[in-house]
Amino acid sequence: MSRAKEFVPEVEQVLKSRGEPAYRLGQVYNALCSGLARDWEEATSLPKSLRAALQEEAPAAVLELTQLSRATDGTRKYLFKTHDGHLIETVMIPEKDRRTVCISTQVGCPMACRFCATGLLGIKRNLKAREIAEQVFVAARDVAPERISNVVVMGMGEPMLNYKELMLALKVLNDREGFGLAARHIAVSTSGLVDKIRRFSDEPEQFHLAISLHTPFEEERKEIMPVASRHSIAELMDAACYYVETTRRKLFFEYTLLAGVNDQPRHVEALAELLDHPLYHLNLLRFNWTDTGYAATSKPEAKEFLNYARELGLSATLRPSRGQDIDAACGQLAARDLRPQRATIPLVRI
Ligand code: SF4
């Protein structure tokens, strides 16, 4: 139960001060991660007096759900307020046979990618493991009796800058005694912190990894992703190679197509050389509008880019954009929620 102790330290303190038997911690952990309790009254395996004490001293929910928006394509966006008044966002994307939750790991993000709304916010703080995992629990309550099939760590923040809390949250999500989601259904996306990519490669769980590349050219990458000044593309590809050699798992490269910036044939040609490995996969995304001064490559041009990439032997896909009408698409999180809202649905207790 050491994972539970780390995950809910304040609850453990309450149990300890009351002299509760050791197995209570397991019951609490189960009530939160498997029972998805947001109020201790729902944790009926616990004695009434303990529920009352916990209600006072260590609430079951650490995030307050302040708004739920629904896009015409069924995508749902959750706006949460943290205990210290920060706003974070989570997105649930329903597909035919999948329900994917995209979660945040930081309040804002310090990486300042030029095309990203979250990057405009700067960084306020890292989220705790419980705040990270609870985003999934709330989405799971929302879609019940259907189940969450995938978790992607691609929301607000650079997850690798919050490594310890990230890994604890993912382990809880993966834990059979916790949320119970298979590791291969969990993916983390990084802007390319090479030391953390190596560390992640050495983790025993089979979590997937995605690297945001966005251009195969050094100078261009520095322009749109300040992190590129810290790590060259050659260093990044070394770390990528370490990941696939160590894990033998597929590695995804995220590539947001920006009109006139990184969507030319010369980009495809350079990508074909750079990503020449059977375990590398190129994920093309169309840019979702943010007031950052960039524009989206048109659909036909994005398809042409994809076709040329495939022609040159790359394993590549063009991902459909989801949730655009509620600003829930990739790179759109948070900035607009500080403004008047639209397309919301009444808040239901989930
Ligand atoms: S794209 Fe990701 S890493 Fe870059 S600023 Fe946005 S949230 Fe941060």
# chains A, B, ... in the order shown; residues from 1 in each chain; ligands from 1
$ residues_around --residues "range 35-50 of chain A" --least-positions-apart "3" --cutoff "8 Å" --atoms "only C-alpha atoms" --output "PyMOL selection string"
chain A and resi 24+27-28+30-32+53-55+59-61+137-138+140-141
$ closest_atom_pairs --of "chain A" --to "ligand 1" --cutoff "7 Å" --atoms "only C-alpha atoms and all ligand atoms" --output "CSV"
residue,atom,partner,partner_atom_place_in_ligand_line,distance
A:Cys109,CA,ligand 1,8 (Fe),4.6
A:Pro110,CA,ligand 1,8 (Fe),6.3
A:Met111,CA,ligand 1,5 (S),4.6
A:Ala112,CA,ligand 1,5 (S),4.3
A:Cys113,CA,ligand 1,5 (S),4.2
A:Cys116,CA,ligand 1,6 (Fe),4.6
A:Ala117,CA,ligand 1,6 (Fe),6.6
A:Thr118,CA,ligand 1,6 (Fe),5.0
A:Gly119,CA,ligand 1,5 (S),3.6
A:Met154,CA,ligand 1,2 (Fe),6.9
A:Gly155,CA,ligand 1,7 (S),6.3
A:Met156,CA,ligand 1,7 (S),4.7
A:Gly157,CA,ligand 1,7 (S),4.4
A:Glu158,CA,ligand 1,3 (S),4.7
A:Thr190,CA,ligand 1,3 (S),6.5
A:Ser191,CA,ligand 1,3 (S),5.0
A:Gly331,CA,ligand 1,6 (Fe),5.7
$ write_last_selection --atoms "N, CA and C atoms" --output "compact mmCIF listing (two decimals), in the first residue's frame"
# COMPACT_ATOMS: atom_id res chain seq x y z
N CYS A 109 1.94 26.30 -18.83
CA CYS A 109 3.09 25.55 -19.34
C CYS A 109 4.26 26.52 -19.58
N PRO A 110 5.45 26.14 -19.18
CA PRO A 110 6.58 27.06 -19.36
C PRO A 110 7.29 26.91 -20.70
N MET A 111 6.86 25.96 -21.54
CA MET A 111 7.63 25.65 -22.75
C MET A 111 7.44 26.68 -23.87
N ALA A 112 6.33 27.43 -23.80
CA ALA A 112 6.10 28.58 -24.69
C ALA A 112 6.17 28.25 -26.18
N CYS A 113 5.70 27.07 -26.58
CA CYS A 113 5.61 26.76 -28.02
C CYS A 113 4.76 27.86 -28.66
N CYS A 116 0.83 27.57 -29.43
CA CYS A 116 -0.01 26.90 -28.44
C CYS A 116 -0.62 27.90 -27.46
N ALA A 117 -1.93 27.80 -27.28
CA ALA A 117 -2.62 28.73 -26.37
C ALA A 117 -2.16 28.55 -24.94
N THR A 118 -1.90 27.31 -24.54
CA THR A 118 -1.46 27.06 -23.17
C THR A 118 -0.11 27.72 -22.92
N GLY A 119 0.74 27.67 -23.96
CA GLY A 119 2.07 28.25 -23.84
C GLY A 119 2.03 29.74 -23.57
N MET A 154 -1.57 14.91 -22.88
CA MET A 154 -1.29 15.88 -23.93
C MET A 154 -2.05 17.18 -23.69
N GLY A 155 -2.51 17.38 -22.46
CA GLY A 155 -3.27 18.59 -22.14
C GLY A 155 -2.32 19.72 -21.78
N MET A 156 -2.70 20.49 -20.77
CA MET A 156 -1.86 21.63 -20.38
C MET A 156 -0.59 21.15 -19.70
N GLY A 157 0.53 21.73 -20.13
CA GLY A 157 1.78 21.47 -19.44
C GLY A 157 2.73 20.53 -20.17
N GLU A 158 3.99 20.58 -19.75
CA GLU A 158 5.02 19.64 -20.23
C GLU A 158 5.13 18.56 -19.15
N THR A 190 5.74 14.59 -25.01
CA THR A 190 6.71 15.58 -24.54
C THR A 190 7.17 16.48 -25.68
N SER A 191 7.54 17.71 -25.30
CA SER A 191 8.07 18.62 -26.31
C SER A 191 9.52 18.26 -26.65
N GLY A 331 -3.67 22.04 -28.31
CA GLY A 331 -3.05 23.37 -28.31
C GLY A 331 -4.00 24.50 -27.97
$ residues_around --residues "Leu63 in chain A" --least-positions-apart "6" --cutoff "10 Å" --atoms "only C-alpha atoms" --output "mmCIF file with N, CA and C atoms, in the first residue's frame"
data_model
loop_
_atom_site.group_PDB
_atom_site.id
_atom_site.type_symbol
_atom_site.label_atom_id
_atom_site.label_comp_id
_atom_site.auth_asym_id
_atom_site.auth_seq_id
_atom_site.Cartn_x
_atom_site.Cartn_y
_atom_site.Cartn_z
ATOM 1 N N ARG A 38 -16.484 10.789 -5.134
ATOM 2 C CA ARG A 38 -16.157 12.225 -5.061
ATOM 3 C C ARG A 38 -16.692 12.822 -3.763
ATOM 4 N N LEU A 79 -13.746 21.803 -17.162
ATOM 5 C CA LEU A 79 -12.940 22.873 -16.581
ATOM 6 C C LEU A 79 -12.953 22.681 -15.060
ATOM 7 N N PHE A 80 -11.774 22.545 -14.490
ATOM 8 C CA PHE A 80 -11.657 22.303 -13.048
ATOM 9 C C PHE A 80 -11.011 23.491 -12.359
ATOM 10 N N LYS A 81 -11.421 23.679 -11.108
ATOM 11 C CA LYS A 81 -10.723 24.660 -10.272
ATOM 12 C C LYS A 81 -9.964 23.882 -9.201
ATOM 13 N N THR A 82 -8.691 24.226 -9.023
ATOM 14 C CA THR A 82 -7.890 23.558 -7.993
ATOM 15 C C THR A 82 -8.183 24.213 -6.634
ATOM 16 N N HIS A 83 -7.705 23.594 -5.552
ATOM 17 C CA HIS A 83 -7.994 24.120 -4.205
ATOM 18 C C HIS A 83 -7.439 25.535 -4.031
ATOM 19 N N ASP A 84 -6.379 25.890 -4.829
ATOM 20 C CA ASP A 84 -5.805 27.230 -4.694
ATOM 21 C C ASP A 84 -6.256 28.166 -5.822
ATOM 22 N N GLY A 85 -7.383 27.799 -6.452
ATOM 23 C CA GLY A 85 -8.049 28.731 -7.367
ATOM 24 C C GLY A 85 -7.549 28.750 -8.802
ATOM 25 N N HIS A 86 -6.711 27.795 -9.207
ATOM 26 C CA HIS A 86 -6.262 27.752 -10.605
ATOM 27 C C HIS A 86 -7.246 26.967 -11.463
ATOM 28 N N LEU A 87 -7.244 27.270 -12.775
ATOM 29 C CA LEU A 87 -8.114 26.543 -13.702
ATOM 30 C C LEU A 87 -7.279 25.589 -14.549
ATOM 31 N N ILE A 88 -7.766 24.369 -14.677
ATOM 32 C CA ILE A 88 -7.125 23.418 -15.595
ATOM 33 C C ILE A 88 -8.210 22.756 -16.436
ATOM 34 N N ARG A 130 -2.573 13.300 -7.473
ATOM 35 C CA ARG A 130 -4.014 13.117 -7.279
ATOM 36 C C ARG A 130 -4.814 14.029 -8.198
ATOM 37 N N GLU A 131 -4.313 15.244 -8.425
ATOM 38 C CA GLU A 131 -5.009 16.167 -9.326
ATOM 39 C C GLU A 131 -4.934 15.667 -10.768
ATOM 40 N N ILE A 132 -3.846 15.013 -11.103
ATOM 41 C CA ILE A 132 -3.681 14.476 -12.468
ATOM 42 C C ILE A 132 -4.637 13.295 -12.669
ATOM 43 N N GLU A 134 -7.261 12.431 -10.898
ATOM 44 C CA GLU A 134 -8.689 12.723 -10.675
ATOM 45 C C GLU A 134 -9.389 13.208 -11.951
ATOM 46 N N GLN A 135 -8.637 13.811 -12.857
ATOM 47 C CA GLN A 135 -9.238 14.223 -14.133
ATOM 48 C C GLN A 135 -9.824 13.006 -14.862
ATOM 49 N N VAL A 138 -13.046 11.661 -13.024
ATOM 50 C CA VAL A 138 -14.261 12.443 -13.303
ATOM 51 C C VAL A 138 -14.808 12.091 -14.693
#
$ residues_around --residues "range 203-214 of chain A" --least-positions-apart "3" --cutoff "8 Å" --atoms "only C-alpha atoms" --output "list of chain:residue names"
A:Ala183, A:Arg184, A:His185, A:Ile186, A:Ala187, A:Val188, A:Ser189, A:Thr190, A:Ser191, A:Gly192, A:Arg199, A:Phe200, A:Arg221, A:Thr247, A:Arg249, A:Lys250, A:Leu251, A:Phe252, A:Phe253, A:Glu254, A:Tyr255, A:Thr256, A:Leu257, A:Asn262
$ residues_around --residues "Ser298 in chain A" --least-positions-apart "4" --cutoff "10 Å" --atoms "only C-alpha atoms" --output "PyMOL selection string"
chain A and resi 257-259+286-287+302-304
$ atom_distance --atom1 "CA of Asn126 in chain A" --atom2 "CA of Pro159 in chain A"
9.0 Å
$ atom_distance --atom1 "CA of Pro320 in chain A" --atom2 "CA of Leu284 in chain A"
9.1 Å
$ closest_atom_pairs --of "range 81-155 of chain A" --to "range 160-172 of chain A" --cutoff "6 Å" --atoms "only C-alpha atoms" --output "JSON lines"
{"residue": "A:Lys128", "atom": "CA", "partner": "A:Glu165", "partner_atom": "CA", "distance": 5.7}
{"residue": "A:Ala129", "atom": "CA", "partner": "A:Glu165", "partner_atom": "CA", "distance": 4.5}
{"residue": "A:Ala133", "atom": "CA", "partner": "A:Ala169", "partner_atom": "CA", "distance": 5.3}
$ atom_distance --atom1 "CA of Val227 in chain A" --atom2 "CA of Thr105 in chain A"
17.8 Å
$ select_by_dssp --residues "range 118-192 of chain A" --states "alpha helix (DSSP H)" --output "PyMOL selection string"
chain A and resi 129-143+163-174
$ residues_around --residues "Gly178 in chain A" --least-positions-apart "2" --cutoff "7 Å" --atoms "only C-alpha atoms" --output "PyMOL selection string"
chain A and resi 29-30+33-34+172-176+180
$ select_by_dssp --residues "range 122-268 of chain A" --states "strand (DSSP E)" --output "list in words"
Ile123, Lys124, Arg125, Asn126, Asn150, Val151, Val152, Val153, Ile186, Ala187, Val188, Ser189, Thr190, His208, Leu209, Ala210, Ile211, Ser212, Leu251, Phe252, Phe253, Glu254, Tyr255, Thr256 and Leu257 of chain A
$ write_last_selection --atoms "C-alpha atoms" --output "PDB file, in the first residue's frame"
ATOM      1  CA  ILE A 123       3.467  28.327 -15.738  1.00  0.00           C
ATOM      2  CA  LYS A 124       1.711  28.666 -12.385  1.00  0.00           C
ATOM      3  CA  ARG A 125       2.559  25.317 -10.761  1.00  0.00           C
ATOM      4  CA  ASN A 126       2.839  21.566 -11.169  1.00  0.00           C
ATOM      5  CA  ASN A 150      -7.240   5.407 -23.277  1.00  0.00           C
ATOM      6  CA  VAL A 151      -5.452   8.190 -21.453  1.00  0.00           C
ATOM      7  CA  VAL A 152      -3.177  10.624 -23.261  1.00  0.00           C
ATOM      8  CA  VAL A 153      -1.065  13.113 -21.348  1.00  0.00           C
ATOM      9  CA  ILE A 186      -1.659   5.261 -21.680  1.00  0.00           C
ATOM     10  CA  ALA A 187       0.546   7.674 -23.668  1.00  0.00           C
ATOM     11  CA  VAL A 188       2.679  10.640 -22.647  1.00  0.00           C
ATOM     12  CA  SER A 189       3.608  13.447 -25.016  1.00  0.00           C
ATOM     13  CA  THR A 190       6.709  15.580 -24.539  1.00  0.00           C
ATOM     14  CA  HIS A 208       3.670   4.858 -24.797  1.00  0.00           C
ATOM     15  CA  LEU A 209       5.593   7.997 -25.719  1.00  0.00           C
ATOM     16  CA  ALA A 210       5.028  10.755 -28.271  1.00  0.00           C
ATOM     17  CA  ILE A 211       7.548  13.483 -29.122  1.00  0.00           C
ATOM     18  CA  SER A 212       6.433  16.842 -30.521  1.00  0.00           C
ATOM     19  CA  LEU A 251       7.465   5.914 -30.987  1.00  0.00           C
ATOM     20  CA  PHE A 252       5.095   8.627 -32.172  1.00  0.00           C
ATOM     21  CA  PHE A 253       6.254  11.981 -33.541  1.00  0.00           C
ATOM     22  CA  GLU A 254       3.620  14.707 -33.345  1.00  0.00           C
ATOM     23  CA  TYR A 255       3.658  17.213 -36.185  1.00  0.00           C
ATOM     24  CA  THR A 256       1.239  20.140 -36.269  1.00  0.00           C
ATOM     25  CA  LEU A 257       0.926  21.460 -39.815  1.00  0.00           C
TER      26      LEU A 257
END
$ residues_around --residues "Ala228 in chain A" --least-positions-apart "3" --cutoff "9 Å" --atoms "only C-alpha atoms" --output "PyMOL selection string"
chain A and resi 191-192+218-219+221-225+231-233
$ decode --residues "range 30-144 of chain A" --atoms "C-alpha atoms" --output "compact mmCIF listing (two decimals), in the first residue's frame"
# COMPACT_ATOMS: atom_id res chain seq x y z
CA ASN A 30 -10.16 1.54 -3.82
CA ALA A 31 -13.09 3.89 -3.18
CA LEU A 32 -11.30 6.73 -4.99
CA CYS A 33 -9.62 4.94 -7.88
CA SER A 34 -12.05 2.14 -8.60
CA GLY A 35 -15.28 3.35 -6.97
CA LEU A 36 -14.58 6.88 -8.33
CA ALA A 37 -15.97 8.41 -5.13
CA ARG A 38 -16.16 12.23 -5.06
CA ASP A 39 -17.81 12.36 -1.66
CA TRP A 40 -16.87 10.10 1.24
CA GLU A 41 -20.57 9.31 1.75
CA GLU A 42 -20.25 7.21 -1.42
CA ALA A 43 -17.50 5.10 0.18
CA THR A 44 -19.90 2.77 1.97
CA SER A 45 -17.17 0.24 2.82
CA LEU A 46 -15.91 2.78 5.41
CA PRO A 47 -17.53 3.21 8.83
CA LYS A 48 -19.83 6.21 9.15
CA SER A 49 -17.69 7.97 11.75
CA LEU A 50 -14.59 7.68 9.54
CA ARG A 51 -16.48 9.04 6.54
CA ALA A 52 -17.52 12.04 8.62
CA ALA A 53 -13.96 12.63 9.82
CA LEU A 54 -12.57 12.41 6.30
CA GLN A 55 -15.28 14.73 5.01
CA GLU A 56 -13.97 17.32 7.49
CA GLU A 57 -10.25 16.83 7.13
CA ALA A 58 -9.44 15.31 3.72
CA PRO A 59 -12.14 15.72 1.05
CA ALA A 60 -12.60 12.91 -1.49
CA ALA A 61 -12.44 15.33 -4.44
CA VAL A 62 -9.45 17.65 -4.80
CA LEU A 63 -10.70 19.28 -8.02
CA GLU A 64 -13.92 21.22 -8.32
CA LEU A 65 -15.67 20.68 -11.64
CA THR A 66 -16.82 24.17 -12.58
CA GLN A 67 -17.90 23.66 -16.16
CA LEU A 68 -18.65 20.94 -18.65
CA SER A 69 -18.81 21.80 -22.37
CA ARG A 70 -19.93 19.50 -25.16
CA ALA A 71 -18.91 19.83 -28.81
CA THR A 72 -21.14 18.86 -31.71
CA ASP A 73 -18.87 15.84 -32.37
CA GLY A 74 -19.44 14.54 -28.81
CA THR A 75 -16.09 15.71 -27.43
CA ARG A 76 -16.44 16.92 -23.84
CA LYS A 77 -14.30 19.43 -22.04
CA TYR A 78 -14.07 19.69 -18.26
CA LEU A 79 -12.94 22.87 -16.58
CA PHE A 80 -11.66 22.30 -13.05
CA LYS A 81 -10.72 24.66 -10.27
CA THR A 82 -7.89 23.56 -7.99
CA HIS A 83 -7.99 24.12 -4.21
CA ASP A 84 -5.81 27.23 -4.69
CA GLY A 85 -8.05 28.73 -7.37
CA HIS A 86 -6.26 27.75 -10.60
CA LEU A 87 -8.11 26.54 -13.70
CA ILE A 88 -7.12 23.42 -15.60
CA GLU A 89 -8.78 21.57 -18.45
CA THR A 90 -9.39 17.98 -19.46
CA VAL A 91 -10.92 16.64 -22.67
CA MET A 92 -12.80 13.39 -23.34
CA ILE A 93 -12.91 12.28 -26.98
CA PRO A 94 -15.45 9.60 -27.84
CA GLU A 95 -14.82 7.45 -30.90
CA LYS A 96 -16.53 4.33 -32.22
CA ASP A 97 -14.76 1.88 -29.94
CA ARG A 98 -12.67 4.21 -27.74
CA ARG A 99 -13.13 6.89 -25.15
CA THR A 100 -9.88 8.79 -24.73
CA VAL A 101 -9.20 11.28 -21.95
CA CYS A 102 -6.58 13.96 -22.54
CA ILE A 103 -5.25 15.21 -19.20
CA SER A 104 -3.18 18.14 -17.92
CA THR A 105 -0.11 17.93 -15.69
CA GLN A 106 0.64 21.59 -15.00
CA VAL A 107 -1.29 24.82 -14.51
CA GLY A 108 -0.18 26.54 -17.71
CA CYS A 109 3.09 25.55 -19.34
CA PRO A 110 6.58 27.06 -19.36
CA MET A 111 7.63 25.65 -22.75
CA ALA A 112 6.10 28.58 -24.69
CA CYS A 113 5.61 26.76 -28.02
CA ARG A 114 4.67 29.64 -30.28
CA PHE A 115 1.49 28.11 -31.73
CA CYS A 116 -0.01 26.90 -28.44
CA ALA A 117 -2.62 28.73 -26.37
CA THR A 118 -1.46 27.06 -23.17
CA GLY A 119 2.07 28.25 -23.84
CA LEU A 120 0.80 31.84 -23.74
CA LEU A 121 -0.22 31.39 -20.12
CA GLY A 122 3.20 30.70 -18.67
CA ILE A 123 3.47 28.33 -15.74
CA LYS A 124 1.71 28.67 -12.38
CA ARG A 125 2.56 25.32 -10.76
CA ASN A 126 2.84 21.57 -11.17
CA LEU A 127 -0.22 19.43 -10.45
CA LYS A 128 -0.08 16.78 -7.73
CA ALA A 129 -0.52 13.13 -8.74
CA ARG A 130 -4.01 13.12 -7.28
CA GLU A 131 -5.01 16.17 -9.33
CA ILE A 132 -3.68 14.48 -12.47
CA ALA A 133 -5.45 11.15 -11.87
CA GLU A 134 -8.69 12.72 -10.67
CA GLN A 135 -9.24 14.22 -14.13
CA VAL A 136 -9.56 10.66 -15.44
CA PHE A 137 -11.82 9.61 -12.56
CA VAL A 138 -14.26 12.44 -13.30
CA ALA A 139 -14.36 11.61 -17.01
CA ALA A 140 -14.89 7.94 -16.10
CA ARG A 141 -17.89 8.84 -13.95
CA ASP A 142 -19.20 10.96 -16.78
CA VAL A 143 -19.08 8.21 -19.43
CA ALA A 144 -20.22 5.36 -17.12
